[in-house]
Structure formats: structure tokens, C-alpha cells
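**Student:** Below: one structure in C-alpha cells.
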Amino acid sequence: MTFRTLDDAKDLAGKTALVRVDFNVPMEDGKVTDDTRLRVAVPTINRLRDAGAKVALLAHFDRPKGQRVPSMSLKPVVEALENVLGAPVRFAEDCVGPDSVEAIRDLDAGGVVLLENVRFHAAEEANDPVFAQKLADLGDLYVNDAFSAAHRAHASTEGVARHLPAYAGESMRRELEALDAALGNPVKPVIGIVGGAKVSTKLDLLKNLVGKLDRLAIGGGMANTFLFAQGVDIGGSLAERDMAETARDILAEAEAKGCEILLPIDVVVATEVKPGAETRTVLAREEIGDDEKILDAGPLTVEKLIKAMTLSKTLIWNGPLGVFEVPPFDVATVKAARAAGDFAKAGILTAVAGGGDTVAAMHHAGVTGDLTFVSTAGGAFLEWMEGKPLPGVEALKA
Ligand code: AMP
């Protein structure tokens with residue numbers, strides 16, 4: 001994958017860089033409660049400042065749906081951003097028009113301005129070309145550092161890149177490199193783990209992966225659907241019984257493409273999903289009561305999965321193996337995650353995880369810092385796993 005990065009952006013002194021960031025931070029009573037996303041943007045902002053550029057930050061916050069919603073203003077982010085940057089940050093009451101033009105004009109070289117929520121304009125999500133041009137008029141170059149918004153073809157993620165030289169920021173570059181190492185151009189053999197609740201939400205993802213991976217472990221609630229499709233008695237487990245045919249099609253496709261599928265060989269069942277619930281561990285082929293639910297993978301399954309990891313050079317993971325939010329149904333996810341973390345730390349496995357609950361699951365297992373990369377990009381990460389081109393990334397291709 002070749003895309004333009006800040007290494008390609010020359011002679012930045014005195015220029016204005018329009019930088020798309022993800023500042024959709026958690027906020028309570030007008031205060032930022034977690035500044036992770038702000039810190040993620042610092043390397044890009046500082047690199048541009050050090051090169052003498054003016055930095056105009058473009059971001060969305062929440063879903064104002066094209067209206068000026070005061071509670072969705074980015075203004076409260078300014079103070080938190082000043083803290084992580086250790087430098088003053090100006091605020092412009094609008095992301096286009098006189099407010100933004102004046103704020104940028106008044107900046108010294110290396111100065112930073114945060115522009116108001118780009119989604120206050122309906123034209124943003126409509127990717128209106130006139131609006132994209134207005135954004136572009138503010139700067140000399142465009143830098144996208146928000147991979148998490150790259151699956152949207154919006155004016156600030158895609159349209160603006162048509163009017164300015166466009167580059168990947170440092171965090172975008174890190175993410176793209178990690179994703180490329182996991183699925184684009186991975187060192188083989190590659191194993192995938194896909195868990196989570198439902199097959200129906202991950203159909204495209206499963207179809208894409210079976211064509212690319214050497215092995216795919218299926219876990220979580222979606223494994224129940226696959227077991228059911230194979231005639232296993234799954235009792236009162238969560239499953240999409242009407243997806244049985246689809247599950248069989250995926251298994252057939254995997255076989256045709258030489259992707260080995262690992263389904264649970266033993267499972268943890270309980271009648272209630274509550275902390276410390278009484279459980280039974282049974283082989284997947286054994287009888288399960290109508291009132292029992294499969295809530296986690298069993299120890300034999302985890303052992304087999306860890307063995308499969310040792311036969312692999314690359315791991316890509318989305319979705320927990322069980323109801324990890326409710327111990328003891330977190331055991332399989334935690335054990336597998338710790339093994340992946342250990343292998344990655346030892347340099348024998350490139351391990352990339354991401355998407356929705358996976359970030360929380362890896363955090364719960366305490367392995368976020370051990371894995372090669374944990375993507376917090378959510379929807380963009382999943383669309384990328386589905387093999388879909390991401391408009392915000394396509395716009396940066398060299
Ligand atoms: P997803 O967002 O599709 O990755 O699904 C994540 C959710 O799947 C988590 O909230 C888990 O609690 C849930 N989950 C995982 N395994 C099971 C299972 N065996 N039965 C019911 N829910 C499950």
C-alpha cells in the first residue's frame with residue numbers, strides 16, 4: 001500500500017496545514033474525561049509546527065446532524081488540547097467562512113487553531129463539493145490523521161483531498177502500516193480470530209477473511225450459529241438459527257479456499273449470564289440442556305487456538321470468544337489474548353486487534369500494550385477487515 005505521508009510534504013514553513021483529526025472524545029459536564037484521542041494527534045501536530053506550518057484542526061463531535069447544537073461544540077476540547085500540547089490553541093467559531101479565515105490569518109508560524117465541529121454543516125456529511133472547496137480554501141495542504149473517520153466519504157475526510165495536496169498524518173500512517181502488516185501484505189501463515197455476538201453483522205468480514213487467511217478461529221455467540229449449522233445441540237444459546245445455511249456456505253468457501261476453520265471443541269455453559277454463575281464445561285458434541293447457554297469457549301478450544309497461533313506469524317483479531325464482560329465467561333478471551341500478547345512481545349507474532357468491543361476485551365486482558373497494534377477505529381477497522389476501500393484512505397494514495 002503506498003500513500004503520501006508527511007515525509008512527502010516539503011517546504012512547510014509559513015504554509016497552513018488543514019489537519020483532520022478524531023477529537024470525538026468522551027466528555028462530561030463540558031470537560032474532556034479521556035484525552036487519548038487528543039494525545040494520538042500530537043505527533044502530527046508537532047511535526048507540522050516544528051516545520052513552521054500553521055495548523056488548522058478540523059474535527060467532528062457527536063452527531064449534530066447539520067445543526068449548530070451548543071452542547072456539541074468542540075470549544076471545551078481547547079483546554080484539554082492545550083494541556084497535551086503544552087502550547088496555546090486558538091478556537092474558531094466556525095470551520096468555514098470569516099471566523100476560520102481570520103483565526104488562521106492571525107496565527108504565527110507553528111500556531112494551532114481548532115475549528116468548530118465540521119458536522120454543524122449538513123454539507124459535511126453530504127460531501128458537498130462547494131463546502132469541500134471552502135474547507136480547502138483555508139489551507140495549502142491537507143493532512144488526514146483520523147483513520148477512524150476514513151470509512152466515511154465526507155467533505156472533511158474525502159472531498160477536501162480533491163482540492164489540496166493530501167497526506168497521511170503520523171497516526172494514520174501508523175494505523176495503515178499495522179493494518180497492512182496484518183492483512184494487506186502479512187507474513188504468512190496468517191490466523192484470524194473472529195468472535196462476537198452475531199454472524200449477520202460480520203458476514204462480509206467472514207467472507208473476505210476466508211479468502212485471505214490460512215486459519216480462522218470462530219468464537220463467541222457467532223460460533224453457536226456455526227455449531228448449530230453442523231447439527232450440534234446448542235440448547236438455549238444465543239444463535240441465529242436462520243443463518244445456518246449461510247454458515248454452511250462460509251464453511252464450504254473456506255474449504256475451497258484452503259482456510260482451516262477452528263470451531264469450539266468444548267464450551268462453557270450456564271443457565272444464567274451473571275457474575276460468578278455456576279458453569280459446566282462440556283464437549284461441543286455433548287448434550288446441552290434447553291435452559292443452558294454456551295457463554296464461553298472451553299479450555300481445549302483455547303489450547304488448540306494457542307497452538308494454532310504458534311504455527312502462525314500473523315494474527316488479526318476481532319470479537320471476543322465469550323461474554324467477556326461477565327466473569328467467568330471472560331476466561332477464554334483473556335487466556336487467548338495473553339498468549340497473543342506474549343508472542344507479540346517475544347517478536348514471534350505480529351498481532352493486530354480491533355473493532356468495537358475488542359478494544360475493551362484486550363484492555364480487560366491487560367494486553368493492549370503487548371500486542372503489535374490495537375485499533376480503536378471501530379467502524380473503519382471493520383470495513384477494512386471486510387476488504388472495502390475506505391474513501392479517506394483512497395484519497396491519500398500516491
Ligand atoms: P460484537 O460487537 O459482534 O463483537 O459482539 C460482542 C459481544 O458478543 C460482547 O458483548 C459479548 O458479550 C457477546 N458474546 C460473545 N460470546 C457470546 C455468547 N456465547 N453468547 C452471547 N453473547 C456473546
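As shown in the C-alpha cells, the chain order sets the letters A, B, ...; within each chain, residues go from 1, and ligands are also counted from 1 in the order they appear.
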Find the residues near segment 263-270 of chain A: any atom within 6 Å, counting only C-alpha atoms, skip ones fewer than 4 places away on the same chain, and give them as number ranges by chain.
**Tutor:** A: 218, 279-284, 292-298, 301
**Student:** Write the residues of the selection above to a file with all heavy atoms, as a compact mmCIF listing (two decimals), in the first residue's frame.
**Tutor:**
# COMPACT_ATOMS: atom_id res chain seq x y z
N ILE A 218 -13.35 -19.25 14.90
CA ILE A 218 -14.63 -18.57 15.10
C ILE A 218 -15.07 -18.82 16.53
O ILE A 218 -15.09 -19.95 17.00
CB ILE A 218 -15.67 -19.08 14.08
CG1 ILE A 218 -15.20 -18.76 12.66
CG2 ILE A 218 -17.04 -18.45 14.35
CD1 ILE A 218 -16.10 -19.30 11.56
N THR A 279 -21.16 -22.91 36.38
CA THR A 279 -20.95 -23.29 34.98
C THR A 279 -20.64 -24.78 34.85
O THR A 279 -20.29 -25.44 35.82
CB THR A 279 -19.74 -22.52 34.38
OG1 THR A 279 -18.56 -22.92 35.08
CG2 THR A 279 -19.91 -21.03 34.48
N ARG A 280 -20.81 -25.28 33.62
CA ARG A 280 -20.34 -26.63 33.26
C ARG A 280 -19.49 -26.47 32.02
O ARG A 280 -19.79 -25.67 31.14
CB ARG A 280 -21.54 -27.51 32.84
CG ARG A 280 -22.36 -28.02 33.97
CD ARG A 280 -23.26 -29.18 33.54
NE ARG A 280 -23.97 -29.04 32.27
CZ ARG A 280 -24.01 -29.97 31.33
NH1 ARG A 280 -23.35 -31.12 31.48
NH2 ARG A 280 -24.71 -29.78 30.21
N THR A 281 -18.41 -27.26 31.95
CA THR A 281 -17.62 -27.28 30.72
C THR A 281 -17.90 -28.61 30.03
O THR A 281 -17.73 -29.67 30.64
CB THR A 281 -16.12 -27.14 31.04
OG1 THR A 281 -15.93 -25.89 31.72
CG2 THR A 281 -15.28 -27.13 29.77
N VAL A 282 -18.36 -28.54 28.80
CA VAL A 282 -18.74 -29.77 28.08
C VAL A 282 -18.13 -29.76 26.68
O VAL A 282 -17.81 -28.70 26.14
CB VAL A 282 -20.29 -29.89 27.94
CG1 VAL A 282 -20.95 -30.01 29.30
CG2 VAL A 282 -20.87 -28.70 27.19
N LEU A 283 -17.98 -30.96 26.14
CA LEU A 283 -17.55 -31.03 24.75
C LEU A 283 -18.68 -30.48 23.88
O LEU A 283 -19.86 -30.66 24.22
CB LEU A 283 -17.23 -32.48 24.35
CG LEU A 283 -15.98 -33.07 25.03
CD1 LEU A 283 -15.83 -34.54 24.66
CD2 LEU A 283 -14.73 -32.28 24.64
N ALA A 284 -18.31 -29.84 22.77
CA ALA A 284 -19.34 -29.22 21.93
C ALA A 284 -20.33 -30.26 21.38
O ALA A 284 -21.44 -29.91 21.02
CB ALA A 284 -18.67 -28.46 20.79
N GLU A 292 -29.78 -24.18 29.16
CA GLU A 292 -28.36 -23.80 29.24
C GLU A 292 -27.93 -23.03 28.00
O GLU A 292 -28.41 -23.28 26.89
CB GLU A 292 -27.49 -25.06 29.38
CG GLU A 292 -27.58 -25.71 30.76
CD GLU A 292 -26.68 -26.93 30.88
OE1 GLU A 292 -26.64 -27.75 29.95
OE2 GLU A 292 -26.03 -27.06 31.92
N LYS A 293 -26.97 -22.10 28.23
CA LYS A 293 -26.46 -21.29 27.12
C LYS A 293 -24.95 -21.46 27.05
O LYS A 293 -24.28 -21.50 28.08
CB LYS A 293 -26.72 -19.80 27.37
CG LYS A 293 -28.16 -19.40 27.55
CD LYS A 293 -28.18 -17.90 27.83
CE LYS A 293 -29.18 -17.45 28.85
NZ LYS A 293 -30.54 -17.84 28.70
N ILE A 294 -24.44 -21.52 25.81
CA ILE A 294 -22.99 -21.50 25.63
C ILE A 294 -22.52 -20.06 25.78
O ILE A 294 -22.98 -19.18 25.04
CB ILE A 294 -22.60 -22.01 24.22
CG1 ILE A 294 -23.09 -23.45 24.02
CG2 ILE A 294 -21.09 -21.90 24.02
CD1 ILE A 294 -22.90 -23.98 22.60
N LEU A 295 -21.64 -19.82 26.75
CA LEU A 295 -21.25 -18.43 27.03
C LEU A 295 -19.75 -18.18 26.90
O LEU A 295 -19.29 -17.04 26.97
CB LEU A 295 -21.73 -18.04 28.44
CG LEU A 295 -23.27 -18.05 28.57
CD1 LEU A 295 -23.68 -17.94 30.02
CD2 LEU A 295 -23.91 -16.93 27.75
N ASP A 296 -18.99 -19.26 26.70
CA ASP A 296 -17.55 -19.07 26.50
C ASP A 296 -16.98 -20.32 25.84
O ASP A 296 -17.62 -21.39 25.84
CB ASP A 296 -16.85 -18.84 27.85
CG ASP A 296 -15.46 -18.19 27.70
OD1 ASP A 296 -15.14 -17.70 26.59
OD2 ASP A 296 -14.71 -18.16 28.69
N ALA A 297 -15.79 -20.18 25.27
CA ALA A 297 -15.08 -21.34 24.73
C ALA A 297 -14.42 -22.08 25.89
O ALA A 297 -14.08 -21.47 26.91
CB ALA A 297 -14.04 -20.89 23.71
N GLY A 298 -14.25 -23.39 25.75
CA GLY A 298 -13.65 -24.19 26.82
C GLY A 298 -12.14 -24.25 26.72
O GLY A 298 -11.54 -23.75 25.75
N THR A 301 -10.43 -25.84 23.56
CA THR A 301 -10.53 -24.93 22.41
C THR A 301 -9.43 -23.87 22.48
O THR A 301 -8.76 -23.58 21.49
CB THR A 301 -11.92 -24.24 22.38
OG1 THR A 301 -12.91 -25.26 22.39
CG2 THR A 301 -12.09 -23.34 21.19
**Student:** Counting only C-alpha atoms and all ligand atoms, which residues of chain A fall within 7 Å of ligand 1, and what is the closest atom pair for each with its distance in Å at one decimal, ordered by chain and rising number, as JSON lines?
**Tutor:**
{"residue": "A:Gly195", "atom": "CA", "partner": "ligand 1", "partner_atom_place_in_ligand_line": "4 (O)", "distance": 6.0}
{"residue": "A:Gly196", "atom": "CA", "partner": "ligand 1", "partner_atom_place_in_ligand_line": "5 (O)", "distance": 3.2}
{"residue": "A:Ala197", "atom": "CA", "partner": "ligand 1", "partner_atom_place_in_ligand_line": "8 (O)", "distance": 3.6}
{"residue": "A:Lys198", "atom": "CA", "partner": "ligand 1", "partner_atom_place_in_ligand_line": "3 (O)", "distance": 5.6}
{"residue": "A:Thr201", "atom": "CA", "partner": "ligand 1", "partner_atom_place_in_ligand_line": "3 (O)", "distance": 6.8}
{"residue": "A:Gly219", "atom": "CA", "partner": "ligand 1", "partner_atom_place_in_ligand_line": "16 (N)", "distance": 6.9}
{"residue": "A:Gly220", "atom": "CA", "partner": "ligand 1", "partner_atom_place_in_ligand_line": "16 (N)", "distance": 3.2}
{"residue": "A:Gly221", "atom": "CA", "partner": "ligand 1", "partner_atom_place_in_ligand_line": "18 (C)", "distance": 3.6}
{"residue": "A:Asn224", "atom": "CA", "partner": "ligand 1", "partner_atom_place_in_ligand_line": "19 (N)", "distance": 6.9}
{"residue": "A:Ser237", "atom": "CA", "partner": "ligand 1", "partner_atom_place_in_ligand_line": "20 (N)", "distance": 6.5}
{"residue": "A:Leu238", "atom": "CA", "partner": "ligand 1", "partner_atom_place_in_ligand_line": "20 (N)", "distance": 5.2}
{"residue": "A:Ile294", "atom": "CA", "partner": "ligand 1", "partner_atom_place_in_ligand_line": "19 (N)", "distance": 5.1}
{"residue": "A:Leu295", "atom": "CA", "partner": "ligand 1", "partner_atom_place_in_ligand_line": "19 (N)", "distance": 3.7}
{"residue": "A:Asp296", "atom": "CA", "partner": "ligand 1", "partner_atom_place_in_ligand_line": "19 (N)", "distance": 5.3}
{"residue": "A:Asn318", "atom": "CA", "partner": "ligand 1", "partner_atom_place_in_ligand_line": "4 (O)", "distance": 6.6}
{"residue": "A:Gly319", "atom": "CA", "partner": "ligand 1", "partner_atom_place_in_ligand_line": "4 (O)", "distance": 4.0}
{"residue": "A:Pro320", "atom": "CA", "partner": "ligand 1", "partner_atom_place_in_ligand_line": "15 (C)", "distance": 5.6}
{"residue": "A:Leu321", "atom": "CA", "partner": "ligand 1", "partner_atom_place_in_ligand_line": "16 (N)", "distance": 5.4}
{"residue": "A:Gly322", "atom": "CA", "partner": "ligand 1", "partner_atom_place_in_ligand_line": "16 (N)", "distance": 3.4}
{"residue": "A:Val323", "atom": "CA", "partner": "ligand 1", "partner_atom_place_in_ligand_line": "12 (O)", "distance": 3.4}
{"residue": "A:Phe324", "atom": "CA", "partner": "ligand 1", "partner_atom_place_in_ligand_line": "12 (O)", "distance": 5.6}
{"residue": "A:Glu325", "atom": "CA", "partner": "ligand 1", "partner_atom_place_in_ligand_line": "12 (O)", "distance": 5.9}
{"residue": "A:Gly356", "atom": "CA", "partner": "ligand 1", "partner_atom_place_in_ligand_line": "2 (O)", "distance": 5.7}
{"residue": "A:Asp357", "atom": "CA", "partner": "ligand 1", "partner_atom_place_in_ligand_line": "4 (O)", "distance": 5.4}
{"residue": "A:Thr358", "atom": "CA", "partner": "ligand 1", "partner_atom_place_in_ligand_line": "4 (O)", "distance": 6.5}
**Student:** When you count only C-alpha atoms, which of these residues is closest to Thr5 of chain A: A:Gly235, A:Gly184, A:Gly258, A:Gly169?
**Tutor:**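 Residue with the minimum atom-to-atom distance to Thr5 of chain A: A:Gly169.
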**Student:** Do you know which residues are at most 7 Å from Lys345 of chain A counting only C-alpha atoms, after dropping those on the same chain fewer than 2 positions away, and could you put them as JSON, numbers by chain?
**Tutor:** {"A": [341, 342, 343, 347, 370, 371]}
**Student:** Atom CA of Val326 of chain A and atom CA of Ala229 of chain A, how far apart in Å?
**Tutor:**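 It comes out at 26.5 Å.
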**Student:** Quick one: of A:Leu6, A:Pro129, A:His60, A:Val42, who's nearest to Ala87 of chain A, counting only C-alpha atoms?
**Tutor:**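 The answer is A:Val42, which sits nearest to Ala87 of chain A.
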